[in-house]
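Quick notes on the structure that follows.
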Amino acid sequence: MGKLQERRFPVRKKTSKSASHSSSSKGALSSTSTTDVKTTEGKLPIPELAVYLTFVVITFSTAFYNVYISSQEHVEVFSSYMLERGWSIFGNSHKDVADFEWSYWHAMVTPVTILLTLGHIILGRVVEKTIPKWRKHFIFGYGMLSLLCIFGAMAVLVFILYTLVAYLASRTKSAVVVWAVILLEILSTNTEFFSSHLTFLFPNEELFNHVVFSTAMCQLRLLSYCLEYCKSTKRTTAATQQGYTNENWDFFSVMSYNFYFPLFATGPVMTFDKFSQQINKSPRPFSKEELKRILKEFMRYIFWAVFADFVLHFLYFPSFHQVWYKFQFLPTWSLGGIGLCHLLFFQIKYVVTYGIPRAIALFDRIEAPLPPACVLSIYTFQDMWRYFDRGLNSLLISTIYIPVGGSQRGFLRQLLASMLCFSFVFFWHGVEVYLLYWALINWLGVVVEITVQKAVEQFGILAFLKSKMSPSAVFRVLGLFLTLNYMLLALSNLVFLGGQRVAYTYYHRIIVSGWPWPLLTFFCTFYSVLQLTRALHQHFGKSYLCKKVYAV
């Protein structure tokens with residue numbers, strides 16, 4: 001599908017969207033890393049870490065500067081839909097608007113949306129304080145009214161139709177029927193042939209994109225609700241003990257869950273069991289400390305939104321991916337810098353688009369999944385799926401990975417479960433070749449990591465290294481091997497962000513063309529970032545950083 005078509009049929013990436021879980025019961029996509037707690041490995045000397053930090057600062061600064069220079073040199077190449085007039089404080093500067101997801105989120109932020117959001121927060125507190133037993137009904141009713149104002153009646157009818165069809169499928173109490181219906185619903189929106197009915201209903205391109213994207217998010221929530229209901233019918237006693245009643249599974253419940261206003265359009269995805277447990281809790285007043293924490297978190301996301309827009313006034317990296325005939329001939333430093341910018345922007349986008357809805361939901365005492373961890377701090381495929389899109393990760397585990405058997409039914413069943421997870425992610429995002437490559441690379445990356453972990457444990461390789469080398473030397477040797485994995489992970493993310501042609505350009509220019517200096521420079525940069533990251537994990541604890549304990 002060409003670039004114009006990609007803008008017409010939006011890619012739904014709530015993946016790098018991700019699949020893993022805690023070590024004890026959910027292994028392949030999530031087996032706990034050896035650095036999940038404060039590690040006992042030998043520490044690197046402070047001067048050595050200082051050298052790594054200095055090298056990273058120099059290489060990153062050089063890369064960003066070269067992106068800036070190339071951006072200014074190619075302004076005339078970028079078309080009007082890639083650049084628009086920037087903030088007036090910067091004079092006549094342009095702003096890059098070529099990134100679809102960022103533009104999609106910007107289009108959602110209108111005066112009407114802001115007013116409706118403020119109404120949700122303020123009126124929700126009034127209802128909670130005066131008539132708490134009607135809180136859930138107010139949240140649903142106000143959410144439906146808000147969606148009518150934003151999308152219009154026809155779009156809301158489409159959302160309700162998809163919800164009703166999935167709800168009826170769940171009444172069969174058959175997971176097979178549910179999966180068949182949900183997959184058909186996904187097929188109806190992510191392929192051009194089947195989505196023609198939506199094109200007819202919504203000829204306006206912007207509204208069409210909003211409807212398709214929002215419907216895709218609905219389908220994930222409906223999958224969670226329907227499969228949870230099927231499981232509950234087989235474990236009635238257990239469900240009752242967890243506090244579930246028949247009211248938890250009626251049509252009002254699925255509507256309240258699927259149409260919850262703060263998380264409706266952009267996510268993050270929240271599984272039905274977690275949402276239901278939280279929305280049904282008795283409301284209680286917020287303390288000053290709780291309000292301060294929510295506002296602090298909200299302002300942090302606003303800062304990153306403003307910062308991202310600020311950067312896009314000077315670095316036009318999204319546009320370069322759409323003018324490949326120029327991109328492939330850029331200087332190596334510019335090309336590498338563009339890749340780095342895309343990786344960092346990938347994270348910042350989801351920090352904002354997941355973080356702001358999460359902060360709004362906190363006013364309803366709904367703890368939605370946290371935004372992604374820093375993409376530069378993630379150097380394994382398993383952690384990428386665990387700590388990037390945490391909501392999608394949780395959904396994949398509960399709906400596919402565990403039901404298939406996960407790590408509890410043997411290694412082959414573990415590989416099958418992870419393969420099915422990646423197959424679903426590929427299908428949900430859109431059945432395109434570059435997404436197939438991306439999903440396949442990620443699955444193979446997870447498989448290799450699991451296999452190596454098992455081999456290291458089975459043959460005592462790590463113990464052997466520790467017996468022959470100093471702790472610091474072991475730390476360095478492991479860093480060398482992990483750097484290769486780290487670079488492959490970055491390349492797979494660039495496949496996702498730019499497609500196979502753009503990713504091949506990165507591969508050819510950095511690894512093949514100009515050998516060996518570009519590859520050595522990038523390897524040393526990745527190695528330095530990796531060792532700094534591992535040192536931070538060692539000092540603070542991996543969970544503290546990746547689970548953003550410091551931020552909540």
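The chains in the structure tokens are called A, B, ... from first to last as shown; in each chain the residues are counted from 1, and the ligands are counted from 1 in the order shown.
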Residue contacts of range 458-463 of chain A (12 Å, only C-alpha atoms) excluding same-chain residues fewer than 3 positions away, as a PDB file with N, CA, C and O atoms, in the first residue's frame:
ATOM      1  N   THR A  34      17.381 -11.379  34.141  1.00  0.00           N
ATOM      2  CA  THR A  34      18.263 -11.510  35.304  1.00  0.00           C
ATOM      3  C   THR A  34      18.520 -10.185  35.984  1.00  0.00           C
ATOM      4  O   THR A  34      19.032 -10.146  37.082  1.00  0.00           O
ATOM      5  N   GLU A  41      25.778  -8.356  39.753  1.00  0.00           N
ATOM      6  CA  GLU A  41      26.935  -8.379  38.875  1.00  0.00           C
ATOM      7  C   GLU A  41      27.938  -7.316  39.298  1.00  0.00           C
ATOM      8  O   GLU A  41      27.614  -6.343  39.964  1.00  0.00           O
ATOM      9  N   THR A 451      15.799 -19.185  23.849  1.00  0.00           N
ATOM     10  CA  THR A 451      16.687 -20.323  23.618  1.00  0.00           C
ATOM     11  C   THR A 451      18.055 -20.090  24.253  1.00  0.00           C
ATOM     12  O   THR A 451      18.627 -20.981  24.898  1.00  0.00           O
ATOM     13  N   VAL A 452      18.590 -18.885  24.084  1.00  0.00           N
ATOM     14  CA  VAL A 452      19.896 -18.558  24.669  1.00  0.00           C
ATOM     15  C   VAL A 452      19.826 -18.593  26.191  1.00  0.00           C
ATOM     16  O   VAL A 452      20.740 -19.115  26.859  1.00  0.00           O
ATOM     17  N   GLN A 453      18.746 -18.055  26.760  1.00  0.00           N
ATOM     18  CA  GLN A 453      18.589 -18.092  28.218  1.00  0.00           C
ATOM     19  C   GLN A 453      18.583 -19.522  28.738  1.00  0.00           C
ATOM     20  O   GLN A 453      19.226 -19.835  29.741  1.00  0.00           O
ATOM     21  N   LYS A 454      17.849 -20.377  28.033  1.00  0.00           N
ATOM     22  CA  LYS A 454      17.784 -21.777  28.458  1.00  0.00           C
ATOM     23  C   LYS A 454      19.138 -22.462  28.311  1.00  0.00           C
ATOM     24  O   LYS A 454      19.549 -23.259  29.156  1.00  0.00           O
ATOM     25  N   ALA A 455      19.852 -22.145  27.211  1.00  0.00           N
ATOM     26  CA  ALA A 455      21.171 -22.745  26.985  1.00  0.00           C
ATOM     27  C   ALA A 455      22.166 -22.287  28.045  1.00  0.00           C
ATOM     28  O   ALA A 455      22.968 -23.082  28.557  1.00  0.00           O
ATOM     29  N   LYS A 466      32.089 -16.422  34.963  1.00  0.00           N
ATOM     30  CA  LYS A 466      32.375 -15.800  36.257  1.00  0.00           C
ATOM     31  C   LYS A 466      33.563 -16.464  36.950  1.00  0.00           C
ATOM     32  O   LYS A 466      34.275 -15.822  37.729  1.00  0.00           O
ATOM     33  N   SER A 467      33.757 -17.752  36.658  1.00  0.00           N
ATOM     34  CA  SER A 467      34.888 -18.451  37.275  1.00  0.00           C
ATOM     35  C   SER A 467      36.219 -18.111  36.605  1.00  0.00           C
ATOM     36  O   SER A 467      37.285 -18.300  37.189  1.00  0.00           O
ATOM     37  N   LYS A 468      36.158 -17.621  35.367  1.00  0.00           N
ATOM     38  CA  LYS A 468      37.371 -17.329  34.605  1.00  0.00           C
ATOM     39  C   LYS A 468      37.698 -15.843  34.514  1.00  0.00           C
ATOM     40  O   LYS A 468      38.831 -15.477  34.164  1.00  0.00           O
ATOM     41  N   MET A 469      36.704 -14.984  34.793  1.00  0.00           N
ATOM     42  CA  MET A 469      36.892 -13.553  34.571  1.00  0.00           C
ATOM     43  C   MET A 469      36.427 -12.768  35.786  1.00  0.00           C
ATOM     44  O   MET A 469      35.660 -13.265  36.622  1.00  0.00           O
ATOM     45  N   SER A 470      36.878 -11.536  35.863  1.00  0.00           N
ATOM     46  CA  SER A 470      36.432 -10.653  36.939  1.00  0.00           C
ATOM     47  C   SER A 470      34.973 -10.242  36.683  1.00  0.00           C
ATOM     48  O   SER A 470      34.501 -10.294  35.537  1.00  0.00           O
ATOM     49  N   PRO A 471      34.249  -9.851  37.731  1.00  0.00           N
ATOM     50  CA  PRO A 471      32.853  -9.438  37.547  1.00  0.00           C
ATOM     51  C   PRO A 471      32.694  -8.317  36.519  1.00  0.00           C
ATOM     52  O   PRO A 471      31.763  -8.345  35.711  1.00  0.00           O
ATOM     53  N   VAL A 474      33.049  -9.751  33.010  1.00  0.00           N
ATOM     54  CA  VAL A 474      31.824 -10.468  32.618  1.00  0.00           C
ATOM     55  C   VAL A 474      30.765  -9.469  32.171  1.00  0.00           C
ATOM     56  O   VAL A 474      30.065  -9.675  31.173  1.00  0.00           O
ATOM     57  N   PHE A 475      30.649  -8.378  32.910  1.00  0.00           N
ATOM     58  CA  PHE A 475      29.686  -7.328  32.586  1.00  0.00           C
ATOM     59  C   PHE A 475      29.940  -6.791  31.169  1.00  0.00           C
ATOM     60  O   PHE A 475      29.010  -6.573  30.387  1.00  0.00           O
ATOM     61  N   VAL A 477      31.650  -8.370  28.663  1.00  0.00           N
ATOM     62  CA  VAL A 477      31.444  -9.421  27.657  1.00  0.00           C
ATOM     63  C   VAL A 477      29.957  -9.589  27.359  1.00  0.00           C
ATOM     64  O   VAL A 477      29.541  -9.684  26.194  1.00  0.00           O
ATOM     65  N   LEU A 478      29.140  -9.636  28.408  1.00  0.00           N
ATOM     66  CA  LEU A 478      27.696  -9.740  28.197  1.00  0.00           C
ATOM     67  C   LEU A 478      27.183  -8.533  27.430  1.00  0.00           C
ATOM     68  O   LEU A 478      26.285  -8.659  26.585  1.00  0.00           O
TER      69      LEU A 478
END
Need the shell around range 294-302 of chain A: protein/DNA/RNA residues with any atom at most 7 Å away, counting only C-alpha atoms. Skip same-chain ones fewer than 6 positions apart. Format as a ChimeraX atom specification? /A:351-352,355-356,359,362
Take the residues that were just selected and, keeping all heavy atoms, output them as a short mmCIF file (atom, residue, chain, number, x, y, z; two decimals), in the first residue's frame.
data_model
loop_
_atom_site.label_atom_id
_atom_site.label_comp_id
_atom_site.auth_asym_id
_atom_site.auth_seq_id
_atom_site.Cartn_x
_atom_site.Cartn_y
_atom_site.Cartn_z
N VAL A 351 4.01 8.13 25.12
CA VAL A 351 3.99 8.73 26.44
C VAL A 351 2.86 9.76 26.52
O VAL A 351 2.12 9.83 27.50
CB VAL A 351 5.34 9.40 26.77
CG1 VAL A 351 5.22 10.32 27.97
CG2 VAL A 351 6.40 8.33 27.05
N VAL A 352 2.69 10.52 25.45
CA VAL A 352 1.66 11.56 25.42
C VAL A 352 0.28 10.97 25.16
O VAL A 352 -0.68 11.22 25.91
CB VAL A 352 2.00 12.62 24.34
CG1 VAL A 352 0.85 13.63 24.19
CG2 VAL A 352 3.29 13.33 24.69
N GLY A 355 -0.43 8.67 28.01
CA GLY A 355 -0.28 9.28 29.33
C GLY A 355 -1.40 10.24 29.68
O GLY A 355 -1.93 10.21 30.80
N ILE A 356 -1.78 11.12 28.75
CA ILE A 356 -2.83 12.09 29.05
C ILE A 356 -4.17 11.40 29.34
O ILE A 356 -4.83 11.72 30.33
CB ILE A 356 -2.94 13.13 27.92
CG1 ILE A 356 -1.69 14.02 27.93
CG2 ILE A 356 -4.20 13.97 28.07
CD1 ILE A 356 -1.66 15.07 26.83
N ALA A 359 -3.95 9.97 32.81
CA ALA A 359 -4.06 10.97 33.87
C ALA A 359 -5.51 11.40 34.08
O ALA A 359 -5.95 11.59 35.21
CB ALA A 359 -3.19 12.18 33.53
N LEU A 362 -7.39 8.77 35.97
CA LEU A 362 -7.04 8.73 37.39
C LEU A 362 -8.04 9.52 38.24
O LEU A 362 -8.23 9.23 39.42
CB LEU A 362 -5.63 9.26 37.62
CG LEU A 362 -4.47 8.35 37.18
CD1 LEU A 362 -3.14 9.08 37.30
CD2 LEU A 362 -4.46 7.07 37.98
#
Select, from A:Ser80, A:Thr332, A:Ser224, A:Gln277, the residue with the minimum atom-to-atom distance to Ile510 in chain A, counting only C-alpha atoms.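 So, comparing all the options, the nearest one is A:Thr332.
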Proximity to Ser282 in chain A - best of A:Phe523, A:Glu73, A:Gly405, A:Asp364, only C-alpha atoms: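 For Ser282 in chain A, the nearest of the candidates is A:Asp364.
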At a cut-off of 10 Å, using only C-alpha atoms, what residues contact Leu198 in chain A? Leave out same-chain residues fewer than 6 positions from it and give the result as an NGL selection string. :A and (155 or 158 or 188-189 or 192 or 208-209 or 211-212)
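For Leu263 in chain A, the non-local neighbours within 10 Å, defined as residues at least 3 positions apart in the same chain or in other chains and counting only C-alpha atoms, are Ser214, Met217, Tyr257, Asn258, Phe259, Tyr260, Thr266, Gly267, Pro268, Val269, Met270, Thr353, Tyr354, Ile356, Pro357, Arg358, Ile360, Ala361 and Ala368 of chain A.
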Return the single residue from A:Thr233, A:Arg85, A:Pro518, A:Tyr350 that is closest to Arg171 in chain A, with distances computed using only C-alpha atoms.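 Closest candidate: A:Thr233.
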Closest atom pairs, residues of range 132-217 of chain A within 8 Å of range 117-121 of chain A, only C-alpha atoms, as a tab-separated table:
residue	atom	partner	partner_atom	distance
A:Ile139	CA	A:His120	CA	7.6
A:Tyr142	CA	A:His120	CA	7.0
A:Gly143	CA	A:His120	CA	7.9
Selected residues written out, C-alpha atoms, as a PDB file, in the first residue's frame:
ATOM      1  CA  ILE A 139     -19.659   8.065  33.395  1.00  0.00           C
ATOM      2  CA  TYR A 142     -21.592  11.485  29.706  1.00  0.00           C
ATOM      3  CA  GLY A 143     -19.152   9.419  27.647  1.00  0.00           C
TER       4      GLY A 143
END
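Nearest residue to Thr110 in chain A, choosing from A:Ala98, A:Ile400, A:Val77, A:Cys149 and counting only C-alpha atoms: A:Cys149.
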Residues near Pro318 in chain A, cut-off 9 Å, only C-alpha atoms, skip fewer than 2 positions along chain, as an MDAnalysis selection string: chainID A and resid 82 96:99 312 315:316 320:322 338 341:342
Would you list, as a PyMOL selection string, the residues of range 63-171 of chain A that end up in strand (DSSP E) under DSSP run on this structure's backbone? chain A and resi 83-85+94-96
Restricting the output to C-alpha atoms, write the selected residues as a PDB file, in the first residue's frame.
ATOM      1  CA  LEU A  83       5.214  20.761   6.538  1.00  0.00           C
ATOM      2  CA  GLU A  84       2.959  23.510   7.803  1.00  0.00           C
ATOM      3  CA  ARG A  85       3.507  26.950   9.254  1.00  0.00           C
ATOM      4  CA  HIS A  94       7.964  25.258   9.406  1.00  0.00           C
ATOM      5  CA  LYS A  95       6.704  22.370  11.503  1.00  0.00           C
ATOM      6  CA  ASP A  96       6.808  18.740  10.370  1.00  0.00           C
TER       7      ASP A  96
END
What gap, in Å, lies between CA of Met108 in chain A and CA of Phe90 in chain A?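 Separation of CA of Met108 in chain A and CA of Phe90 in chain A: 24.4 Å.
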